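Containing compact mmCIF, C-alpha atoms: start.txt.
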# COMPACT_ATOMS: atom_id res chain seq x y z
CA MET A 9 29.96 -47.42 15.19
CA GLY A 10 26.78 -49.46 15.16
CA GLU A 11 23.97 -48.71 12.72
CA GLU A 12 21.66 -47.59 15.51
CA GLU A 13 24.25 -45.22 16.90
CA ALA A 14 24.87 -43.71 13.44
CA MET A 15 21.12 -43.20 12.96
CA SER A 16 20.82 -41.52 16.31
CA GLU A 17 23.69 -39.17 15.46
CA LEU A 18 22.04 -38.37 12.13
CA ARG A 19 18.74 -37.59 13.86
CA VAL A 20 20.50 -35.16 16.16
CA ARG A 21 22.16 -33.47 13.18
CA VAL A 22 18.86 -33.23 11.30
CA LYS A 23 17.20 -31.70 14.35
CA HIS A 24 20.02 -29.21 14.67
CA LEU A 25 19.79 -28.28 10.96
CA GLU A 26 16.03 -27.89 11.21
CA ALA A 27 16.40 -25.56 14.18
CA GLU A 28 19.01 -23.55 12.27
CA HIS A 29 16.73 -23.39 9.22
CA THR A 30 13.82 -22.16 11.37
CA SER A 31 16.01 -19.53 12.96
CA CYS A 32 17.29 -18.38 9.53
CA ARG A 33 13.72 -18.05 8.25
CA GLU A 34 12.71 -16.06 11.32
CA ARG A 35 15.66 -13.73 10.75
CA GLN A 36 14.78 -13.45 7.04
CA ARG A 37 11.19 -12.62 7.94
CA ALA A 38 12.24 -9.94 10.44
CA LEU A 39 14.65 -8.39 7.92
CA LEU A 40 12.10 -8.44 5.09
CA GLU A 41 9.48 -6.82 7.29
CA CYS A 42 11.96 -4.18 8.43
CA ALA A 43 12.95 -3.51 4.82
CA SER A 44 9.27 -3.37 3.84
CA GLU A 45 8.60 -0.70 6.49
CA LEU A 46 11.42 1.43 5.10
CA MET A 47 10.15 0.85 1.55
CA GLN A 48 6.67 2.00 2.52
CA LEU A 49 8.05 5.22 3.98
CA VAL A 50 10.22 5.78 0.89
CA ALA A 51 7.34 5.00 -1.50
CA THR A 52 5.08 7.41 0.40
CA ALA A 53 7.68 10.17 0.48
CA ARG A 54 8.33 9.75 -3.26
CA ARG A 55 4.65 9.67 -4.13
CA LEU A 56 4.06 12.85 -2.12
CA ARG A 57 7.18 14.56 -3.50
CA ASP A 58 6.01 13.93 -7.06
CA ALA A 59 2.59 15.46 -6.30
CA ARG A 60 3.03 19.09 -7.32
CA THR A 61 -0.44 20.49 -6.72
CA ARG A 62 -2.76 20.52 -3.72
CA GLN A 63 -5.19 18.18 -5.47
CA ARG A 64 -2.43 15.73 -6.36
CA VAL A 65 -1.16 15.72 -2.77
CA LEU A 66 -4.69 14.82 -1.67
CA SER A 67 -4.88 12.05 -4.30
CA ALA A 68 -1.51 10.70 -3.13
CA ALA A 69 -2.72 10.81 0.47
CA GLU A 70 -5.86 8.89 -0.50
CA GLU A 71 -3.71 6.25 -2.21
CA VAL A 72 -1.46 5.85 0.83
CA LEU A 73 -4.39 5.71 3.28
CA LEU A 74 -6.07 3.06 1.17
CA HIS A 75 -3.16 0.92 -0.05
CA LEU A 76 -0.51 1.17 2.69
CA VAL A 77 -2.38 2.05 5.88
CA GLY A 78 -5.27 -0.06 4.58
CA ALA A 79 -8.01 2.13 6.05
CA ALA A 80 -11.48 0.94 5.00
CA SER A 81 -13.07 4.23 6.00
CA PHE A 82 -11.36 7.60 6.36
CA GLY A 83 -11.67 11.34 5.80
CA VAL A 84 -9.23 14.19 5.22
CA PHE A 85 -10.53 17.54 6.48
CA GLU A 86 -9.25 21.05 5.85
CA LYS A 87 -9.82 23.85 8.35
CA VAL A 88 -11.31 26.83 6.52
CA GLU A 89 -12.19 29.90 8.61
CA GLY A 90 -12.44 27.75 11.72
CA THR A 91 -14.68 25.11 10.13
CA LEU A 92 -13.61 21.63 9.04
CA ARG A 93 -14.40 20.80 5.42
CA LEU A 94 -14.15 17.27 4.05
CA ARG A 95 -11.70 17.16 1.13
CA VAL A 96 -11.16 13.43 0.55
CA SER A 97 -13.10 10.48 1.94
CA ARG A 98 -13.88 6.83 1.50
CA GLY A 99 -16.51 4.66 3.15
CA VAL A 100 -17.77 7.54 5.33
CA ALA A 101 -21.43 8.44 5.84
CA ILE A 102 -21.82 12.11 4.84
CA ASP A 103 -25.01 14.07 5.58
CA ARG A 104 -26.63 16.42 3.05
CA HIS A 105 -24.59 19.36 4.38
CA GLY A 106 -21.37 17.51 3.63
CA HIS A 107 -20.70 16.78 7.33
CA VAL A 108 -19.40 13.58 8.86
CA ALA A 109 -21.18 12.85 12.13
CA ALA A 110 -18.97 9.94 13.25
CA GLY A 111 -16.48 11.10 15.86
CA ALA A 112 -17.12 14.77 14.99
CA PRO A 113 -16.51 16.19 18.53
CA MET A 114 -13.15 14.42 18.77
CA VAL A 115 -12.12 15.46 15.24
CA ASP A 116 -13.00 19.07 16.17
CA HIS A 117 -10.98 18.70 19.37
CA VAL A 118 -7.93 17.46 17.43
CA ALA A 119 -8.27 20.38 14.99
CA ALA A 120 -8.47 22.83 17.89
CA THR A 121 -5.64 21.45 20.03
CA GLY A 122 -3.33 19.80 17.49
CA GLU A 123 -3.16 16.71 19.73
CA ARG A 124 -3.35 13.32 18.05
CA TYR A 125 -6.18 10.99 19.12
CA LEU A 126 -5.81 7.21 19.12
CA ALA A 127 -8.57 4.87 20.28
CA PRO A 128 -7.20 2.69 23.11
CA ALA A 129 -8.54 -0.37 21.25
CA PRO A 130 -10.42 -0.61 17.94
CA GLU A 131 -13.68 -1.45 19.75
CA ASP A 132 -13.21 1.53 22.11
CA GLY A 133 -13.09 4.11 19.31
CA ASP A 134 -14.73 7.44 20.14
CA ASP A 135 -18.07 7.26 18.31
CA GLY A 136 -16.64 5.18 15.45
CA LEU A 137 -13.32 7.04 15.30
CA LEU A 138 -10.10 4.98 15.46
CA ALA A 139 -7.57 7.77 15.03
CA ALA A 140 -7.43 11.48 14.27
CA VAL A 141 -4.12 13.08 13.31
CA PRO A 142 -3.72 16.85 13.01
CA ILE A 143 -2.57 18.14 9.65
CA GLY A 144 -0.05 20.89 10.03
CA ALA A 145 2.92 22.85 8.83
CA CYS A 146 4.74 25.80 10.42
CA ALA A 147 3.14 25.03 13.83
CA GLU A 148 -0.34 25.68 12.44
CA VAL A 149 -3.13 23.08 12.42
CA SER A 150 -4.80 23.25 9.03
CA GLY A 151 -6.87 20.06 9.08
CA VAL A 152 -7.30 16.52 10.35
CA ILE A 153 -6.86 13.00 8.96
CA ALA A 154 -9.53 10.79 10.52
CA ILE A 155 -9.53 6.99 10.36
CA TYR A 156 -12.92 5.41 11.07
CA ALA A 157 -12.51 1.75 10.19
CA LEU A 158 -10.00 -0.90 9.17
CA PRO A 159 -10.77 -4.03 7.16
CA GLU A 160 -11.61 -7.19 9.12
CA HIS A 161 -8.22 -8.75 8.40
CA LYS A 162 -6.35 -5.77 9.91
CA PRO A 163 -6.95 -5.71 13.67
CA ALA A 164 -5.30 -2.38 14.54
CA LEU A 165 -3.13 0.48 13.34
CA THR A 166 0.57 -0.31 13.61
CA PRO A 167 3.46 1.99 14.62
CA LEU A 168 4.36 2.17 10.90
CA ASP A 169 0.81 3.36 10.09
CA LEU A 170 1.27 6.17 12.59
CA GLU A 171 4.57 7.15 10.93
CA LEU A 172 2.85 7.14 7.54
CA LEU A 173 0.06 9.32 8.97
CA ASP A 174 2.64 11.78 10.34
CA LEU A 175 4.34 11.92 6.95
CA LEU A 176 1.00 12.55 5.24
CA SER A 177 0.03 15.13 7.83
CA HIS A 178 3.13 17.22 7.14
CA HIS A 179 2.87 17.03 3.33
CA ILE A 180 -0.86 17.80 3.26
CA GLY A 181 -0.20 20.65 5.71
CA VAL A 182 2.37 22.17 3.35
CA ALA A 183 0.00 21.73 0.38
CA PHE A 184 -2.84 23.46 2.28
CA LEU A 185 -0.53 26.26 3.42
CA ARG A 186 0.80 26.81 -0.09
CA ALA A 187 -2.73 26.91 -1.52
CA THR A 188 -3.79 29.44 1.13
CA MET A 189 -0.73 31.62 0.46
CA GLU A 190 -1.30 31.48 -3.30
CA ALA A 191 -4.96 32.41 -2.82
CA SER A 192 -4.07 35.39 -0.63
CA ARG A 193 -1.28 36.48 -3.03
CA SER A 194 -3.74 36.58 -5.91
CA THR A 195 -5.94 39.00 -3.94
CA ILE A 196 -3.04 41.44 -3.42
CA ARG A 197 -2.64 43.69 -6.45
CA PRO A 198 0.90 44.09 -7.68
CA PRO A 199 2.17 47.71 -7.60
CA ARG A 200 1.77 49.55 -10.91
CA LEU A 201 5.05 50.22 -12.63
CA GLY A 202 5.75 53.32 -14.74
CA GLY A 203 3.39 56.31 -15.19
CA ARG A 204 2.98 59.19 -12.71
CA GLY A 205 4.64 58.52 -9.38
CA GLY A 206 5.96 55.15 -10.64
CA MET A 207 9.46 53.89 -11.01
CA PRO A 208 11.80 56.09 -13.03
CA VAL B 2 12.73 -23.22 -9.61
CA SER B 3 16.49 -23.25 -9.21
CA ARG B 4 17.08 -24.15 -12.89
CA ALA B 5 15.03 -21.17 -14.03
CA ARG B 6 16.84 -18.98 -11.54
CA PHE B 7 20.24 -20.02 -12.89
CA GLU B 8 19.03 -19.38 -16.42
CA GLY B 9 18.45 -15.71 -15.72
CA GLY B 10 15.96 -15.40 -12.90
CA LEU B 11 12.28 -16.01 -12.44
CA ARG B 12 10.07 -13.16 -13.57
CA VAL B 13 7.14 -11.65 -11.75
CA LEU B 14 4.72 -9.14 -13.21
CA VAL B 15 3.13 -6.71 -10.73
CA ALA B 16 -0.02 -5.09 -12.15
CA ASP B 17 -1.49 -2.47 -9.81
CA GLY B 18 -2.92 0.99 -10.42
CA ALA B 19 -1.64 2.38 -7.11
CA ALA B 20 1.96 3.55 -7.39
CA VAL B 21 2.72 3.02 -3.68
CA SER B 22 1.37 -0.50 -3.68
CA ARG B 23 3.24 -1.34 -6.88
CA ALA B 24 6.46 0.07 -5.45
CA LEU B 25 6.12 -1.98 -2.25
CA ALA B 26 5.37 -5.28 -4.01
CA SER B 27 8.13 -4.66 -6.51
CA ALA B 28 10.68 -3.85 -3.82
CA VAL B 29 9.82 -6.93 -1.74
CA LEU B 30 9.92 -9.30 -4.73
CA SER B 31 12.98 -7.83 -6.42
CA PHE B 32 15.21 -9.40 -3.73
CA ASP B 33 14.50 -12.76 -5.38
CA TYR B 34 12.96 -12.15 -8.79
CA ASP B 35 13.14 -10.07 -11.92
CA VAL B 36 10.11 -7.77 -11.53
CA ALA B 37 8.18 -5.82 -14.17
CA GLU B 38 5.46 -3.31 -13.26
CA ALA B 39 2.25 -2.23 -14.95
CA ALA B 40 -0.22 0.46 -13.89
CA ASP B 41 -3.23 -0.54 -16.00
CA LEU B 42 -4.66 -3.27 -18.21
CA GLU B 43 -3.01 -2.03 -21.38
CA GLU B 44 0.45 -1.85 -19.81
CA ALA B 45 -0.05 -5.19 -18.08
CA THR B 46 -1.00 -6.85 -21.38
CA ALA B 47 2.10 -5.39 -23.05
CA ARG B 48 4.35 -6.57 -20.17
CA LEU B 49 2.74 -10.03 -20.33
CA HIS B 50 4.03 -10.37 -23.90
CA ASP B 51 7.45 -8.72 -23.62
CA HIS B 52 8.41 -9.77 -20.04
CA ARG B 53 6.96 -13.32 -20.20
CA PRO B 54 6.42 -13.63 -16.42
CA ASP B 55 6.59 -16.85 -14.41
CA LEU B 56 3.99 -15.42 -12.00
CA VAL B 57 1.49 -12.58 -12.14
CA LEU B 58 0.42 -10.46 -9.15
CA VAL B 59 -2.64 -8.39 -10.05
CA ASP B 60 -4.70 -5.95 -8.01
CA LEU B 61 -8.42 -6.69 -8.17
CA GLY B 62 -8.97 -2.97 -8.77
CA LEU B 63 -6.57 -2.70 -11.72
CA PRO B 64 -7.68 0.25 -13.93
CA PRO B 65 -9.69 0.70 -15.98
CA SER B 66 -12.06 -2.22 -15.51
CA GLY B 67 -10.69 -4.35 -12.67
CA GLY B 68 -8.17 -7.16 -12.29
CA LEU B 69 -10.53 -9.89 -13.55
CA ALA B 70 -10.14 -8.60 -17.11
CA PHE B 71 -6.36 -9.08 -16.87
CA VAL B 72 -6.79 -12.52 -15.29
CA ASP B 73 -8.80 -13.49 -18.39
CA THR B 74 -6.14 -11.98 -20.65
CA VAL B 75 -3.45 -14.11 -18.97
CA LEU B 76 -5.59 -17.24 -19.17
CA HIS B 77 -6.25 -16.67 -22.87
CA THR B 78 -2.60 -16.08 -23.73
CA PRO B 79 -1.12 -19.40 -24.91
CA ARG B 80 2.43 -18.41 -23.90
CA ALA B 81 1.25 -17.73 -20.35
CA ARG B 82 -0.41 -21.12 -19.90
CA GLY B 83 0.10 -22.46 -16.37
CA VAL B 84 1.48 -19.17 -15.03
CA PRO B 85 0.24 -18.80 -11.43
CA ILE B 86 -1.88 -15.70 -10.78
CA VAL B 87 -2.17 -14.03 -7.38
CA VAL B 88 -4.98 -11.51 -6.94
CA ALA B 89 -4.52 -8.76 -4.33
CA THR B 90 -7.66 -7.38 -2.72
CA PHE B 91 -8.89 -5.32 0.23
CA ASP B 92 -12.04 -7.39 0.46
CA PRO B 93 -11.76 -11.18 0.57
CA ALA B 94 -15.58 -11.39 0.27
CA ASN B 95 -15.62 -9.54 -3.07
CA ALA B 96 -17.78 -11.21 -5.74
CA GLU B 97 -15.12 -10.66 -8.44
CA LEU B 98 -12.60 -12.47 -6.28
CA ARG B 99 -14.86 -15.54 -6.36
CA GLU B 100 -14.73 -15.32 -10.15
CA CYS B 101 -10.94 -15.30 -9.89
CA PHE B 102 -11.00 -18.39 -7.62
CA ALA B 103 -13.13 -20.15 -10.21
CA ARG B 104 -10.36 -19.44 -12.71
CA GLY B 105 -7.74 -20.99 -10.41
CA CYS B 106 -6.17 -17.83 -8.93
CA ALA B 107 -4.69 -17.50 -5.45
CA PHE B 108 -5.27 -14.35 -3.41
CA ILE B 109 -3.53 -12.08 -0.94
CA THR B 110 -5.08 -9.33 1.17
CA LYS B 111 -4.22 -5.65 1.03
CA PRO B 112 -2.50 -3.82 2.61
CA LEU B 113 0.26 -6.17 1.51
CA SER B 114 2.34 -7.92 4.15
CA ALA B 115 5.91 -8.33 2.91
CA TRP B 116 6.33 -11.82 4.35
CA GLU B 117 2.93 -13.07 3.23
CA LEU B 118 3.66 -11.85 -0.29
CA HIS B 119 7.13 -13.38 -0.27
CA GLU B 120 5.84 -16.76 0.92
CA THR B 121 2.80 -16.85 -1.40
CA VAL B 122 4.96 -16.16 -4.45
CA ARG B 123 7.67 -18.62 -3.37
CA LEU B 124 5.20 -21.46 -2.79
CA LEU B 125 3.29 -20.89 -6.03
CA LEU B 126 6.46 -20.78 -8.08
CA ALA B 127 7.74 -23.95 -6.41
CA ARG B 128 4.42 -25.66 -7.10
CA ALA B 129 4.44 -24.52 -10.74
CA ALA B 130 8.00 -25.79 -11.18
CA SER B 131 7.14 -29.22 -9.84
CA ALA B 132 3.91 -29.53 -11.86
Re-express the file's structure as structure tokens.
Amino acid sequence: MGEEEAMSELRVRVKHLEAEHTSCRERQRALLECASELMQLVATARRLRDARTRQRVLSAAEEVLLHLVGAASFGVFEKVEGTLRLRVSRGVAIDRHGHVAAGAPMVDHVAATGERYLAPAPEDGDDGLLAAVPIGACAEVSGVIAIYALPEHKPALTPLDLELLDLLSHHIGVAFLRATMEASRSTIRPPRLGGRGGMP
Amino acid sequence: VSRARFEGGLRVLVADGAAVSRALASAVLSFDYDVAEAADLEEATARLHDHRPDLVLVDLGLPPSGGLAFVDTVLHTPRARGVPIVVATFDPANAELRECFARGCAFITKPLSAWELHETVRLLLARAASA
């Protein structure tokens, strides 16, 4: 075999190895990203599971919205006697009555219907609203998670973000429901035991 | 890089006040490295001494006073001389991040992308090994 022929064969082999290396890295990237998505769901579920009180669930939700979803501006509302009250927020303009004007009609609509809202494209958001996800447990809408803005380096919400929002929605819904039940239980007086007409 | 790996694995210290962010970074990096976690400056400083990391990943918002304080701690620790530091931030235009650049840190944006984190750490460790 001549020297030129051997070199040519080597070049072909190198090209083949390079292509294989690129393909391996692409597979590694896909696997790592897939594993990372699962890890984010697990980390969120764990963080929420460890939050025992309503306030801690809200703190955990704030952490997930900020650090995993990466929302630059968001609000978590609770429905109290038909009115939405802001419980957690970041980067949102709030008026002196504690109301958020941005996207308010759509947030109200989501609270009333329980239907999720997603802006077709970030620039098409309804009055500055990118997404509004109903908070709920036991088929009852008890609030809304509203996303108003993402950082410049994050162009849009991803399918994983929506899964994280659903996970948050359920856990916050349970926390709200439990708080409401505990509040109503404390207003019901326990029956008096003993005395006239009491238990024997 | 490979020599250190054979000798017991390269070590990465993840210092971040947010549990979910820490868990994600730790899980992604633990495929390849020995990872220690810290939730605040005090813990991070303790881990810096007992874990002796080959690379530090620090959140710019590390409690209680921000990641820059830990960057300075690393830079003033003789045993950590030359250890690459990656600063994680939501805001690449942050003034404190510029301070970190001036101290020779690299940066990565939050929310963390698994692949970007993996590649940043790999390249910095390779560069540190060949220095």
Kindly assemble as CSV a list of the chain B residues that lie within 10 Å of chain A, each paired with its nearest atom pair and their distance in Å to one decimal, using only C-alpha atoms, sorted first by chain and then by ascending residue number.
residue,atom,partner,partner_atom,distance
B:Gly18,CA,A:Glu71,CA,9.8
B:Ala19,CA,A:Glu71,CA,6.6
B:Ala20,CA,A:Arg55,CA,7.4
B:Val21,CA,A:Ala51,CA,5.5
B:Ser22,CA,A:His75,CA,6.0
B:Arg23,CA,A:Ala51,CA,9.3
B:Ala24,CA,A:Ala51,CA,6.4
B:Leu25,CA,A:Met47,CA,6.2
B:Ala26,CA,A:Ser44,CA,9.0
B:Ser27,CA,A:Met47,CA,10.0
B:Ala28,CA,A:Met47,CA,7.2
B:Val29,CA,A:Ser44,CA,6.6
B:Phe32,CA,A:Leu40,CA,9.4
B:Thr90,CA,A:His75,CA,9.8
B:Phe91,CA,A:Pro159,CA,7.3
B:Asp92,CA,A:Pro159,CA,7.6
B:Pro93,CA,A:His161,CA,8.9
B:Thr110,CA,A:His161,CA,7.9
B:Lys111,CA,A:Gly78,CA,6.7
B:Pro112,CA,A:Gly78,CA,5.1
B:Leu113,CA,A:Leu76,CA,7.5
B:Ser114,CA,A:Glu41,CA,7.9
B:Ala115,CA,A:Glu41,CA,5.8
B:Trp116,CA,A:Arg37,CA,6.1
B:Glu117,CA,A:Arg37,CA,9.5
B:His119,CA,A:Leu40,CA,8.8
B:Glu120,CA,A:Arg37,CA,9.7
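Of the listed residues A:Ala69, A:Val118, A:Leu18, A:Leu138, the one whose atoms come nearest to A:Ile180 is A:Ala69, with distances taken using all atoms listed in the file.
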Exercise for the section: Work out how far apart atom CA of A:Ala157 and atom CA of A:Ala140 are and give it in Å to one decimal. Expected result: 11.7 Å
Exercise for the section: Identify, on the basis of only C-alpha atoms, every residue whose closest approach to B:Arg48 does not exceed 8 Å; exclude the query and any residue fewer than 4 positions from it along the same chain; express the result as a VMD selection string. Expected result: chain B and resid 14 37 to 39 44 52 to 53
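When only C-alpha atoms are used to compute distances to A:Asp169, the closest of the residues A:Thr121, A:Ile155, A:Glu28, A:Ala129 turns out to be A:Ile155.
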Exercise for the section: Excluding A:Arg98 and any residue of its chain fewer than 5 positions from it, enumerate the residues within 7 Å of it, using all atoms listed in the file, and give them as a count of residues only. Expected result: 3
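Among A:Gly136, A:Thr91, A:Val65, A:Glu34, the residue with the shortest atom-to-atom distance to A:Leu158, counting only C-alpha atoms, is A:Gly136.
The space separating atom CA of A:Leu126 from atom CA of A:Val141 comes to 8.4 Å.
Relative to atom CA of A:Val96, atom CA of A:Glu70 is found at 7.1 Å.
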Point (-20.6, 9.4, 9.9), cut-off 12 Å, counting only C-alpha atoms, residues as an mmCIF file with C-alpha atoms, keeping the file's coordinate frame:
data_model
loop_
_atom_site.group_PDB
_atom_site.id
_atom_site.type_symbol
_atom_site.label_atom_id
_atom_site.label_comp_id
_atom_site.auth_asym_id
_atom_site.auth_seq_id
_atom_site.Cartn_x
_atom_site.Cartn_y
_atom_site.Cartn_z
ATOM 1 C CA SER A 81 -13.070 4.230 6.000
ATOM 2 C CA PHE A 82 -11.360 7.600 6.360
ATOM 3 C CA GLY A 83 -11.670 11.340 5.800
ATOM 4 C CA LEU A 94 -14.150 17.270 4.050
ATOM 5 C CA SER A 97 -13.100 10.480 1.940
ATOM 6 C CA ARG A 98 -13.880 6.830 1.500
ATOM 7 C CA GLY A 99 -16.510 4.660 3.150
ATOM 8 C CA VAL A 100 -17.770 7.540 5.330
ATOM 9 C CA ALA A 101 -21.430 8.440 5.840
ATOM 10 C CA ILE A 102 -21.820 12.110 4.840
ATOM 11 C CA ASP A 103 -25.010 14.070 5.580
ATOM 12 C CA ARG A 104 -26.630 16.420 3.050
ATOM 13 C CA GLY A 106 -21.370 17.510 3.630
ATOM 14 C CA HIS A 107 -20.700 16.780 7.330
ATOM 15 C CA VAL A 108 -19.400 13.580 8.860
ATOM 16 C CA ALA A 109 -21.180 12.850 12.130
ATOM 17 C CA ALA A 110 -18.970 9.940 13.250
ATOM 18 C CA GLY A 111 -16.480 11.100 15.860
ATOM 19 C CA ALA A 112 -17.120 14.770 14.990
ATOM 20 C CA PRO A 113 -16.510 16.190 18.530
ATOM 21 C CA VAL A 115 -12.120 15.460 15.240
ATOM 22 C CA ASP A 134 -14.730 7.440 20.140
ATOM 23 C CA ASP A 135 -18.070 7.260 18.310
ATOM 24 C CA GLY A 136 -16.640 5.180 15.450
ATOM 25 C CA LEU A 137 -13.320 7.040 15.300
ATOM 26 C CA ALA A 154 -9.530 10.790 10.520
ATOM 27 C CA ILE A 155 -9.530 6.990 10.360
ATOM 28 C CA TYR A 156 -12.920 5.410 11.070
ATOM 29 C CA ALA A 157 -12.510 1.750 10.190
#
Problem - Contacts of B:Phe108 within 6 Å, only C-alpha atoms, excl. fewer than 3 positions in-chain, as a ChimeraX atom specification - result: /B:87-89
Enclose the full set of atoms of stretch 70-77 of chain A listed in the file within a box whose edges lie along x, y and z, apply 8 Å of padding to each of the six sides, and report centre and edge lengths in Å to one decimal as lines of an AutoDock Vina configuration file.
center_x = -3.3
center_y = 4.9
center_z = 1.8
size_x = 21.6
size_y = 24.0
size_z = 24.1
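Near (-1.1, -22.8, -6.1), the residues that fall inside 9 Å on the basis of all atoms listed in the file are Pro85, Ile86, Val87, Gly105, Cys106, Ala107, Thr121, Leu124, Leu125, Leu126, Ala127, Arg128 and Ala129 of chain B.
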